[in-house]
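Q: Below is the structure I would like to discuss, written out as structure tokens.
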Amino acid sequence: MAALHSTAFRLGSVALSSRQELSFRGGNVKASAFSCPSSVSIPRLSFQSKALGGDGLPETKDSSLVVCFGEMLIDFVPTISGLSLADAPAFKKAPGGAPANVAVGIARLGGSSAFIGKVGEDEFAYMLAEILKENNVNSEGIRFDPGARTAIAFVTLRSDGEREFMFYRNPSADMLLQEAELDLDLIRKAKIFHYGSISLITEPCKSAHIAAAKAAKDAGVVLSYDPNLRLPLWPSAESAREGILSIWDTADIIKGSTLISEEEISFLTKGEDPYDDAVVRKLCHPNHKLLLVTEGPEGCRYYTKEFNGRVKGLKVDAVDTTGAGDAFVAGILSQLAKDLSLLQTFQNEDRLREALMFANACGALTVKERGAISALPTREAVHNAILHSVG
């Protein structure tokens, strides 16, 4: 992959200094795990979490804060779908990066979120920081690197709205986050700590990721993991599989995908049928509270220790699927952050299904526009879409 050049991009005046401190809301919460059926053993990292309350759920404080860890970057999306990068006449600049998308998505839905990650000390970074601020995302955990550029990705949109990526991050600032730069106090305040797998690819970010997750687990925070498979960023397919599974067992909530461009389930099971419940259950571990499998317009499947099922999606005309999975994650985490009892018992399955219907609607609305963050819906828009579909 090509390295970023040193030329700075001028995007207009953004009144934000790289050294300016942003302060937002936060809170405190403790949480932990219950179990999910397991048919395979994957020896991986092991974190110790705090004890559960008498009802089998984490003891919580007052906050519903979701802290998202990882990459924040600029997507360049063709203005015309179905063309190769070389044939595209122009590109639309769009803020992105899966963890950042989730953080903004939660805030736009009325929830409390924070982002932790590293960007360059450049105009793209200032623009991204300003976008977080505008969307009420706590950005106390952002670090600026004067020696590296903010990552960019060119995203081709096929005629069906699915994507192909070309990344410029060799290395980009997000890859250079160090453990010493982590805002551990912010992490420990969270109710849910969310992350992907891209931050596991290279050092020093890999060590920072592992340390952040351990700090969260030790503080009783629920861990949410979206593998977000991006094979071009890994040295090999096998290293991607090994890296993604290396932290699989430590998560409480996992979201996978069966979409053509993101066949995480098939990839992780080495080609087994991702639509077979028995295959998906092979990926379950006793630490997991909830395993989710998204299927685009078809909706999603859910698996817990006590029950599993499927929730239908909303049918819309897809313009750009960038960020749809992140919008889904934002939707379900915004619901769980308010009430973790959705995961508790069989009696709460109907309420979990309602939360997943909400998440499906978040994903569906996002594909109707180009770009990720710019297309993320508000809570009002989601409720209106659900009412319209029911009607």
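By convention in this document, the chains of the structure tokens carry letters A, B, ... by their order, each chain's residues are numbered from 1, and ligands are numbered from 1 in the order they are shown.
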Skip Leu157 (chain A) itself and residues of its chain fewer than 4 positions away, then list as a compact mmCIF listing (two decimals) with C-alpha atoms, in the first residue's frame all residues within 12 Å of it, counting only C-alpha atoms.

A:
# COMPACT_ATOMS: atom_id res chain seq x y z
CA ASP A 75 -13.24 8.16 2.88
CA PHE A 76 -13.22 9.34 -0.72
CA VAL A 77 -16.36 7.97 -2.34
CA PRO A 78 -17.02 8.15 -6.13
CA THR A 79 -19.87 10.43 -7.07
CA ILE A 80 -21.08 7.80 -9.56
CA SER A 81 -21.66 4.19 -8.51
CA GLY A 82 -20.48 1.19 -10.51
CA LEU A 83 -17.19 2.63 -11.76
CA SER A 84 -13.60 1.70 -10.96
CA LEU A 85 -11.41 4.18 -9.14
CA ASP A 87 -12.91 5.71 -14.19
CA ALA A 88 -14.61 7.70 -11.42
CA PHE A 91 -15.00 11.76 -5.36
CA LYS A 92 -16.96 13.02 -2.37
CA GLY A 161 -23.97 -0.29 -3.58
CA GLU A 162 -21.33 -2.69 -2.21
CA ARG A 163 -17.80 -1.44 -1.68
CA GLU A 164 -14.16 -2.09 -2.48
CA PHE A 165 -11.37 -0.28 -0.64
CA MET A 166 -7.93 1.17 -1.38
CA SER A 261 -17.85 -7.72 0.95
CA ALA A 318 -29.15 1.25 -1.51
CA VAL A 319 -27.00 4.12 -2.72
CA ASP A 320 -23.90 3.45 -0.60
CA THR A 321 -23.50 0.70 1.99
CA THR A 322 -20.51 2.42 3.63
CA VAL A 367 -27.41 3.18 2.88
CA ARG A 370 -23.34 8.50 0.21
CA GLY A 371 -20.73 8.45 2.95

Q: Residues of region 248-349 of chain A that approach region 355-363 of chain A to 10 Å or less, counting only C-alpha atoms: could you list each one with the shortest pair of atoms and its distance in Å to one decimal, rows by chain and increasing residue number, as a tab-separated table?

A:
residue	atom	partner	partner_atom	distance
A:Leu292	CA	A:Leu356	CA	9.5
A:Thr294	CA	A:Asn360	CA	8.6
A:Glu295	CA	A:Asn360	CA	9.7
A:Gly296	CA	A:Gly363	CA	8.0
A:Pro297	CA	A:Asn360	CA	8.3
A:Glu298	CA	A:Asn360	CA	9.1
A:Gly299	CA	A:Asn360	CA	6.0
A:Cys300	CA	A:Asn360	CA	7.4
A:Arg301	CA	A:Leu356	CA	9.1
A:Tyr302	CA	A:Leu356	CA	8.7
A:Arg310	CA	A:Leu356	CA	9.3
A:Val311	CA	A:Met357	CA	6.4
A:Lys312	CA	A:Met357	CA	7.3
A:Gly313	CA	A:Asn360	CA	5.5
A:Leu314	CA	A:Ala361	CA	6.1
A:Lys315	CA	A:Ala361	CA	9.2
A:Val316	CA	A:Ala361	CA	9.9
A:Thr321	CA	A:Gly363	CA	8.6
A:Thr322	CA	A:Gly363	CA	9.8
A:Gly323	CA	A:Gly363	CA	7.8
A:Ala324	CA	A:Gly363	CA	4.4
A:Gly325	CA	A:Gly363	CA	6.2
A:Asp326	CA	A:Gly363	CA	7.5
A:Ala327	CA	A:Gly363	CA	5.0
A:Phe328	CA	A:Ala359	CA	4.6
A:Val329	CA	A:Ala359	CA	6.9
A:Ala330	CA	A:Ala359	CA	7.3
A:Gly331	CA	A:Ala359	CA	4.2
A:Ile332	CA	A:Ala359	CA	5.1
A:Leu333	CA	A:Ala359	CA	8.6
A:Ser334	CA	A:Ala359	CA	9.0
A:Gln335	CA	A:Ala355	CA	6.2
A:Leu336	CA	A:Ala355	CA	8.1
A:Leu342	CA	A:Ala355	CA	8.5
A:Glu349	CA	A:Ala355	CA	9.8

Q: Pull N, CA, C and O atoms from the residues just selected and write them as a tab-separated table (two decimals), in the first residue's frame.

A:
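Result saved to part_7.tsv:
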chain	number	residue	atom	x	y	z
A	292	LEU	N	-24.08	-11.36	17.23
A	292	LEU	CA	-24.98	-10.86	16.20
A	292	LEU	C	-24.38	-11.10	14.82
A	292	LEU	O	-23.17	-10.92	14.62
A	294	THR	N	-25.10	-9.86	10.95
A	294	THR	CA	-25.90	-9.00	10.08
A	294	THR	C	-25.94	-9.55	8.66
A	294	THR	O	-24.96	-10.13	8.18
A	295	GLU	N	-27.08	-9.34	8.00
A	295	GLU	CA	-27.29	-9.87	6.66
A	295	GLU	C	-27.81	-8.79	5.71
A	295	GLU	O	-28.59	-9.05	4.81
A	296	GLY	N	-27.37	-7.56	5.93
A	296	GLY	CA	-27.78	-6.47	5.05
A	296	GLY	C	-29.29	-6.27	5.06
A	296	GLY	O	-29.91	-6.21	6.12
A	297	PRO	N	-29.90	-6.18	3.88
A	297	PRO	CA	-31.34	-5.92	3.80
A	297	PRO	C	-32.20	-7.03	4.39
A	297	PRO	O	-33.38	-6.81	4.67
A	298	GLU	N	-31.61	-8.21	4.60
A	298	GLU	CA	-32.37	-9.33	5.17
A	298	GLU	C	-32.51	-9.22	6.68
A	298	GLU	O	-33.26	-9.98	7.29
A	299	GLY	N	-31.75	-8.32	7.30
A	299	GLY	CA	-31.86	-8.14	8.75
A	299	GLY	C	-30.68	-8.73	9.50
A	299	GLY	O	-29.53	-8.57	9.09
A	300	CYS	N	-30.94	-9.42	10.61
A	300	CYS	CA	-29.86	-9.95	11.43
A	300	CYS	C	-30.32	-11.20	12.18
A	300	CYS	O	-31.51	-11.46	12.33
A	301	ARG	N	-29.35	-11.95	12.64
A	301	ARG	CA	-29.59	-13.08	13.54
A	301	ARG	C	-28.91	-12.79	14.87
A	301	ARG	O	-27.92	-12.07	14.93
A	302	TYR	N	-29.45	-13.35	15.95
A	302	TYR	CA	-28.89	-13.12	17.28
A	302	TYR	C	-28.78	-14.45	18.02
A	302	TYR	O	-29.60	-15.36	17.86
A	310	ARG	N	-34.06	-14.52	14.54
A	310	ARG	CA	-33.79	-13.63	13.41
A	310	ARG	C	-34.77	-12.47	13.45
A	310	ARG	O	-35.94	-12.63	13.81
A	311	VAL	N	-34.29	-11.27	13.07
A	311	VAL	CA	-35.12	-10.08	12.97
A	311	VAL	C	-35.01	-9.55	11.55
A	311	VAL	O	-33.89	-9.30	11.07
A	312	LYS	N	-36.12	-9.39	10.88
A	312	LYS	CA	-36.11	-8.94	9.49
A	312	LYS	C	-35.64	-7.49	9.37
A	312	LYS	O	-35.82	-6.68	10.27
A	313	GLY	N	-35.04	-7.19	8.22
A	313	GLY	CA	-34.57	-5.84	7.97
A	313	GLY	C	-35.59	-5.00	7.23
A	313	GLY	O	-36.66	-5.48	6.85
A	314	LEU	N	-35.24	-3.73	7.01
A	314	LEU	CA	-36.09	-2.83	6.24
A	314	LEU	C	-35.56	-2.77	4.81
A	314	LEU	O	-34.35	-2.67	4.60
A	315	LYS	N	-36.43	-2.84	3.85
A	315	LYS	CA	-36.05	-2.80	2.44
A	315	LYS	C	-35.97	-1.35	1.97
A	315	LYS	O	-36.95	-0.61	2.07
A	316	VAL	N	-34.81	-0.95	1.46
A	316	VAL	CA	-34.63	0.39	0.92
A	316	VAL	C	-33.79	0.29	-0.34
A	316	VAL	O	-33.15	-0.72	-0.61
A	321	THR	N	-23.42	1.51	0.77
A	321	THR	CA	-23.50	0.70	1.99
A	321	THR	C	-22.40	1.04	3.01
A	321	THR	O	-22.33	0.42	4.07
A	322	THR	N	-21.54	2.01	2.68
A	322	THR	CA	-20.51	2.42	3.63
A	322	THR	C	-21.14	2.88	4.95
A	322	THR	O	-21.99	3.75	4.96
A	323	GLY	N	-20.73	2.26	6.03
A	323	GLY	CA	-21.21	2.67	7.34
A	323	GLY	C	-22.49	2.00	7.79
A	323	GLY	O	-22.94	2.24	8.92
A	324	ALA	N	-23.10	1.14	6.96
A	324	ALA	CA	-24.36	0.50	7.35
A	324	ALA	C	-24.17	-0.39	8.57
A	324	ALA	O	-24.98	-0.37	9.50
A	325	GLY	N	-23.09	-1.18	8.56
A	325	GLY	CA	-22.83	-2.04	9.71
A	325	GLY	C	-22.52	-1.25	10.96
A	325	GLY	O	-22.92	-1.63	12.07
A	326	ASP	N	-21.83	-0.13	10.80
A	326	ASP	CA	-21.52	0.73	11.95
A	326	ASP	C	-22.80	1.37	12.51
A	326	ASP	O	-22.94	1.52	13.72
A	327	ALA	N	-23.71	1.75	11.60
A	327	ALA	CA	-24.99	2.31	12.05
A	327	ALA	C	-25.78	1.27	12.82
A	327	ALA	O	-26.42	1.58	13.84
A	328	PHE	N	-25.74	0.02	12.36
A	328	PHE	CA	-26.39	-1.08	13.08
A	328	PHE	C	-25.80	-1.22	14.49
A	328	PHE	O	-26.54	-1.32	15.48
A	329	VAL	N	-24.47	-1.22	14.56
A	329	VAL	CA	-23.81	-1.35	15.86
A	329	VAL	C	-24.18	-0.19	16.77
A	329	VAL	O	-24.48	-0.37	17.95
A	330	ALA	N	-24.18	1.02	16.22
A	330	ALA	CA	-24.57	2.19	17.01
A	330	ALA	C	-25.99	2.03	17.53
A	330	ALA	O	-26.29	2.37	18.69
A	331	GLY	N	-26.87	1.51	16.69
A	331	GLY	CA	-28.26	1.33	17.09
A	331	GLY	C	-28.42	0.36	18.24
A	331	GLY	O	-29.10	0.66	19.23
A	332	ILE	N	-27.77	-0.80	18.16
A	332	ILE	CA	-27.95	-1.79	19.22
A	332	ILE	C	-27.21	-1.38	20.49
A	332	ILE	O	-27.72	-1.55	21.60
A	333	LEU	N	-26.01	-0.78	20.35
A	333	LEU	CA	-25.29	-0.37	21.56
A	333	LEU	C	-25.99	0.78	22.27
A	333	LEU	O	-25.96	0.87	23.50
A	334	SER	N	-26.63	1.67	21.51
A	334	SER	CA	-27.37	2.76	22.15
A	334	SER	C	-28.52	2.22	22.99
A	334	SER	O	-28.86	2.80	24.03
A	335	GLN	N	-29.10	1.12	22.56
A	335	GLN	CA	-30.19	0.49	23.31
A	335	GLN	C	-29.65	-0.28	24.52
A	335	GLN	O	-30.20	-0.19	25.62
A	336	LEU	N	-28.58	-1.03	24.31
A	336	LEU	CA	-28.01	-1.82	25.40
A	336	LEU	C	-27.40	-0.95	26.49
A	336	LEU	O	-27.44	-1.29	27.67
A	342	LEU	N	-31.62	-6.35	28.68
A	342	LEU	CA	-32.07	-6.94	27.42
A	342	LEU	C	-31.38	-8.27	27.14
A	342	LEU	O	-31.90	-9.11	26.42
A	349	GLU	N	-36.48	-11.56	25.60
A	349	GLU	CA	-36.17	-11.72	24.18
A	349	GLU	C	-36.97	-10.77	23.30
A	349	GLU	O	-36.44	-10.21	22.33

Q: When DSSP works through the backbone of this structure, what residues of region 82-264 of chain A end up as strand (DSSP E or B), shown as a ChimeraX atom specification?

A: /A:91-96,112-120,138-145,152-157,163-168,192-195,222-225,253-257,259,262

Q: Restricting it to C-alpha atoms, dump the selection as a PDB file, in the first residue's frame.

A:
ATOM      1  CA  PHE A  91     -15.002  11.765  -5.356  1.00  0.00           C
ATOM      2  CA  LYS A  92     -16.963  13.016  -2.371  1.00  0.00           C
ATOM      3  CA  LYS A  93     -14.929  13.513   0.799  1.00  0.00           C
ATOM      4  CA  ALA A  94     -16.582  11.812   3.772  1.00  0.00           C
ATOM      5  CA  PRO A  95     -15.421  11.323   7.372  1.00  0.00           C
ATOM      6  CA  GLY A  96     -15.229   7.683   8.383  1.00  0.00           C
ATOM      7  CA  SER A 112     -23.582   9.255  25.202  1.00  0.00           C
ATOM      8  CA  SER A 113     -20.368   8.317  23.380  1.00  0.00           C
ATOM      9  CA  ALA A 114     -16.635   8.990  23.289  1.00  0.00           C
ATOM     10  CA  PHE A 115     -13.872   8.256  20.790  1.00  0.00           C
ATOM     11  CA  ILE A 116     -10.287   7.224  21.522  1.00  0.00           C
ATOM     12  CA  GLY A 117      -7.733   7.122  18.724  1.00  0.00           C
ATOM     13  CA  LYS A 118      -4.919   8.923  16.945  1.00  0.00           C
ATOM     14  CA  VAL A 119      -4.932  11.209  13.909  1.00  0.00           C
ATOM     15  CA  GLY A 120      -2.308  13.314  12.179  1.00  0.00           C
ATOM     16  CA  ASN A 138     -16.499  13.170  23.786  1.00  0.00           C
ATOM     17  CA  SER A 139     -13.079  13.516  22.123  1.00  0.00           C
ATOM     18  CA  GLU A 140     -10.863  13.767  25.206  1.00  0.00           C
ATOM     19  CA  GLY A 141      -9.166  10.548  24.076  1.00  0.00           C
ATOM     20  CA  ILE A 142      -8.000  11.824  20.661  1.00  0.00           C
ATOM     21  CA  ARG A 143      -4.254  12.207  20.184  1.00  0.00           C
ATOM     22  CA  PHE A 144      -2.553  14.183  17.366  1.00  0.00           C
ATOM     23  CA  ASP A 145       0.688  12.953  15.767  1.00  0.00           C
ATOM     24  CA  ILE A 152      -7.461   8.106   3.871  1.00  0.00           C
ATOM     25  CA  ALA A 153      -9.312   5.424   1.915  1.00  0.00           C
ATOM     26  CA  PHE A 154     -10.743   5.438  -1.588  1.00  0.00           C
ATOM     27  CA  VAL A 155     -13.972   3.468  -1.652  1.00  0.00           C
ATOM     28  CA  THR A 156     -15.413   2.182  -4.936  1.00  0.00           C
ATOM     29  CA  LEU A 157     -19.166   1.657  -5.056  1.00  0.00           C
ATOM     30  CA  ARG A 163     -17.796  -1.438  -1.681  1.00  0.00           C
ATOM     31  CA  GLU A 164     -14.159  -2.094  -2.483  1.00  0.00           C
ATOM     32  CA  PHE A 165     -11.371  -0.277  -0.639  1.00  0.00           C
ATOM     33  CA  MET A 166      -7.932   1.173  -1.379  1.00  0.00           C
ATOM     34  CA  PHE A 167      -6.200   2.435   1.759  1.00  0.00           C
ATOM     35  CA  TYR A 168      -3.393   4.967   2.256  1.00  0.00           C
ATOM     36  CA  ILE A 192     -19.601  -0.359  26.988  1.00  0.00           C
ATOM     37  CA  PHE A 193     -16.143  -0.312  25.347  1.00  0.00           C
ATOM     38  CA  HIS A 194     -16.357  -0.883  21.581  1.00  0.00           C
ATOM     39  CA  TYR A 195     -13.546  -1.700  19.147  1.00  0.00           C
ATOM     40  CA  VAL A 222     -18.859  -4.573  28.791  1.00  0.00           C
ATOM     41  CA  LEU A 223     -16.674  -5.255  25.731  1.00  0.00           C
ATOM     42  CA  SER A 224     -18.187  -4.938  22.242  1.00  0.00           C
ATOM     43  CA  TYR A 225     -16.257  -6.243  19.207  1.00  0.00           C
ATOM     44  CA  ILE A 253     -20.855  -8.685  22.475  1.00  0.00           C
ATOM     45  CA  ILE A 254     -19.728  -9.579  18.935  1.00  0.00           C
ATOM     46  CA  LYS A 255     -21.158  -8.466  15.616  1.00  0.00           C
ATOM     47  CA  GLY A 256     -20.272 -10.435  12.476  1.00  0.00           C
ATOM     48  CA  SER A 257     -21.460 -10.169   8.878  1.00  0.00           C
ATOM     49  CA  LEU A 259     -22.426  -9.692   3.363  1.00  0.00           C
ATOM     50  CA  GLU A 262     -17.559  -8.669   4.633  1.00  0.00           C
TER      51      GLU A 262
END

Q: Counting only C-alpha atoms, which of A:Thr202, A:Asn308, A:Thr150, A:Asn384 gets nearest to Met175 (chain A)?

A: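 Looking only at the distances to Met175 (chain A), the closest residue turns out to be A:Thr202.
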
Q: Let's see if you can do this: from backbone DSSP, list all helix (DSSP H, G or I) residues in region 160-279 of chain A, as a tab-separated table (two decimals) with N, CA and C atoms, in the first residue's frame.

A:
chain	number	residue	atom	x	y	z
A	173	ALA	N	-1.49	7.82	11.19
A	173	ALA	CA	-1.39	8.16	12.62
A	173	ALA	C	-2.11	7.15	13.51
A	174	ASP	N	-3.25	6.61	13.04
A	174	ASP	CA	-4.01	5.68	13.89
A	174	ASP	C	-3.21	4.45	14.26
A	175	MET	N	-2.24	4.06	13.40
A	175	MET	CA	-1.43	2.88	13.66
A	175	MET	C	-0.37	3.13	14.73
A	176	LEU	N	-0.18	4.39	15.12
A	176	LEU	CA	0.93	4.77	15.98
A	176	LEU	C	0.52	5.12	17.40
A	179	GLU	N	0.38	2.90	24.18
A	179	GLU	CA	-0.32	2.61	25.43
A	179	GLU	C	-0.26	3.78	26.40
A	180	ALA	N	0.86	4.48	26.42
A	180	ALA	CA	1.01	5.60	27.34
A	180	ALA	C	0.09	6.77	27.00
A	181	GLU	N	-0.46	6.78	25.79
A	181	GLU	CA	-1.33	7.88	25.36
A	181	GLU	C	-2.81	7.61	25.64
A	184	LEU	N	-7.14	6.28	30.25
A	184	LEU	CA	-7.69	5.14	30.98
A	184	LEU	C	-8.87	5.54	31.86
A	185	ASP	N	-8.86	6.75	32.36
A	185	ASP	CA	-9.99	7.20	33.19
A	185	ASP	C	-11.27	7.23	32.36
A	186	LEU	N	-11.18	7.69	31.13
A	186	LEU	CA	-12.34	7.73	30.25
A	186	LEU	C	-12.84	6.32	29.96
A	187	ILE	N	-11.91	5.40	29.72
A	187	ILE	CA	-12.28	4.01	29.45
A	187	ILE	C	-13.01	3.39	30.64
A	188	ARG	N	-12.52	3.66	31.83
A	188	ARG	CA	-13.10	3.05	33.03
A	188	ARG	C	-14.47	3.63	33.36
A	189	LYS	N	-14.80	4.81	32.82
A	189	LYS	CA	-16.11	5.40	33.05
A	189	LYS	C	-17.20	4.78	32.19
A	198	ILE	N	-8.89	-3.70	13.20
A	198	ILE	CA	-7.84	-3.02	12.43
A	198	ILE	C	-6.74	-2.51	13.35
A	199	SER	N	-7.09	-2.13	14.55
A	199	SER	CA	-6.11	-1.65	15.51
A	199	SER	C	-5.20	-2.75	16.05
A	200	LEU	N	-5.45	-3.99	15.64
A	200	LEU	CA	-4.61	-5.12	16.06
A	200	LEU	C	-3.52	-5.46	15.05
A	205	CYS	N	0.02	0.25	18.05
A	205	CYS	CA	-1.42	0.33	18.31
A	205	CYS	C	-1.98	-0.97	18.87
A	206	LYS	N	-1.41	-2.10	18.44
A	206	LYS	CA	-1.90	-3.39	18.93
A	206	LYS	C	-1.78	-3.47	20.45
A	207	SER	N	-0.63	-3.09	20.98
A	207	SER	CA	-0.44	-3.14	22.43
A	207	SER	C	-1.36	-2.15	23.14
A	208	ALA	N	-1.57	-0.99	22.51
A	208	ALA	CA	-2.49	-0.01	23.09
A	208	ALA	C	-3.90	-0.56	23.14
A	209	HIS	N	-4.31	-1.23	22.07
A	209	HIS	CA	-5.64	-1.84	22.01
A	209	HIS	C	-5.81	-2.86	23.13
A	210	ILE	N	-4.85	-3.77	23.27
A	210	ILE	CA	-4.95	-4.82	24.28
A	210	ILE	C	-4.98	-4.22	25.68
A	211	ALA	N	-4.16	-3.19	25.92
A	211	ALA	CA	-4.15	-2.55	27.23
A	211	ALA	C	-5.46	-1.84	27.52
A	212	ALA	N	-6.04	-1.20	26.50
A	212	ALA	CA	-7.31	-0.49	26.69
A	212	ALA	C	-8.43	-1.47	27.02
A	213	ALA	N	-8.47	-2.58	26.29
A	213	ALA	CA	-9.50	-3.58	26.54
A	213	ALA	C	-9.36	-4.21	27.92
A	214	LYS	N	-8.11	-4.43	28.34
A	214	LYS	CA	-7.88	-5.00	29.66
A	214	LYS	C	-8.32	-4.03	30.76
A	215	ALA	N	-8.00	-2.75	30.57
A	215	ALA	CA	-8.42	-1.75	31.55
A	215	ALA	C	-9.93	-1.70	31.67
A	216	ALA	N	-10.60	-1.80	30.52
A	216	ALA	CA	-12.06	-1.78	30.52
A	216	ALA	C	-12.61	-3.01	31.24
A	217	LYS	N	-12.08	-4.17	30.90
A	217	LYS	CA	-12.57	-5.41	31.51
A	217	LYS	C	-12.33	-5.41	33.02
A	218	ASP	N	-11.15	-4.96	33.41
A	218	ASP	CA	-10.83	-4.92	34.84
A	218	ASP	C	-11.76	-3.99	35.60
A	231	LEU	N	-9.32	-7.31	4.60
A	231	LEU	CA	-8.17	-8.14	4.25
A	231	LEU	C	-6.99	-7.38	3.65
A	232	PRO	N	-7.23	-6.34	2.80
A	232	PRO	CA	-6.07	-5.65	2.21
A	232	PRO	C	-5.14	-5.01	3.23
A	233	LEU	N	-5.60	-4.80	4.45
A	233	LEU	CA	-4.76	-4.16	5.45
A	233	LEU	C	-3.88	-5.16	6.20
A	237	ALA	N	-4.18	-13.50	4.70
A	237	ALA	CA	-5.48	-13.93	5.19
A	237	ALA	C	-5.34	-14.69	6.50
A	238	GLU	N	-4.31	-15.49	6.62
A	238	GLU	CA	-4.13	-16.27	7.84
A	238	GLU	C	-3.80	-15.37	9.02
A	239	SER	N	-3.00	-14.33	8.79
A	239	SER	CA	-2.69	-13.41	9.89
A	239	SER	C	-3.93	-12.64	10.31
A	240	ALA	N	-4.81	-12.35	9.34
A	240	ALA	CA	-6.07	-11.67	9.68
A	240	ALA	C	-6.95	-12.57	10.54
A	241	ARG	N	-7.07	-13.83	10.15
A	241	ARG	CA	-7.90	-14.76	10.92
A	241	ARG	C	-7.34	-14.94	12.33
A	242	GLU	N	-6.03	-15.11	12.42
A	242	GLU	CA	-5.39	-15.30	13.73
A	242	GLU	C	-5.54	-14.05	14.59
A	243	GLY	N	-5.34	-12.88	13.99
A	243	GLY	CA	-5.43	-11.64	14.74
A	243	GLY	C	-6.84	-11.37	15.24
A	244	ILE	N	-7.83	-11.58	14.38
A	244	ILE	CA	-9.22	-11.35	14.76
A	244	ILE	C	-9.65	-12.29	15.88
A	245	LEU	N	-9.24	-13.55	15.78
A	245	LEU	CA	-9.63	-14.53	16.80
A	245	LEU	C	-8.82	-14.40	18.09
A	248	TRP	N	-11.08	-12.80	20.47
A	248	TRP	CA	-12.48	-13.20	20.30
A	248	TRP	C	-13.14	-13.55	21.62
A	249	ASP	N	-12.44	-14.33	22.44
A	249	ASP	CA	-13.05	-14.87	23.66
A	249	ASP	C	-13.23	-13.83	24.75
A	250	THR	N	-12.54	-12.70	24.66
A	250	THR	CA	-12.61	-11.71	25.73
A	250	THR	C	-13.82	-10.79	25.60
A	264	GLU	N	-17.35	-12.20	7.31
A	264	GLU	CA	-16.56	-12.54	8.48
A	264	GLU	C	-16.83	-13.95	8.97
A	265	ILE	N	-18.08	-14.36	9.00
A	265	ILE	CA	-18.41	-15.69	9.53
A	265	ILE	C	-17.79	-16.78	8.67
A	266	SER	N	-17.97	-16.68	7.37
A	266	SER	CA	-17.38	-17.67	6.46
A	266	SER	C	-15.86	-17.65	6.55
A	267	PHE	N	-15.29	-16.46	6.62
A	267	PHE	CA	-13.83	-16.33	6.69
A	267	PHE	C	-13.28	-16.96	7.97
A	268	LEU	N	-13.90	-16.67	9.09
A	268	LEU	CA	-13.39	-17.14	10.37
A	268	LEU	C	-13.57	-18.64	10.55
A	277	ASP	N	-26.94	-22.10	11.55
A	277	ASP	CA	-26.85	-21.74	12.97
A	277	ASP	C	-25.78	-22.54	13.69
A	278	ALA	N	-25.61	-23.80	13.31
A	278	ALA	CA	-24.61	-24.64	13.96
A	278	ALA	C	-23.20	-24.12	13.70
A	279	VAL	N	-22.99	-23.59	12.52
A	279	VAL	CA	-21.68	-23.02	12.18
A	279	VAL	C	-21.42	-21.77	13.02

Q: Mind pulling up the distance from CA of Gln347 (chain A) to CA of Asn287 (chain A)?

A: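 Between CA of Asn287 (chain A) and CA of Gln347 (chain A) the gap is 20.6 Å.
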
Q: Counting only C-alpha atoms, which residue out of A:Thr304, A:Ser374, A:Ser172, A:Asn228 sits closest to Pro99 (chain A)?

A: A:Asn228
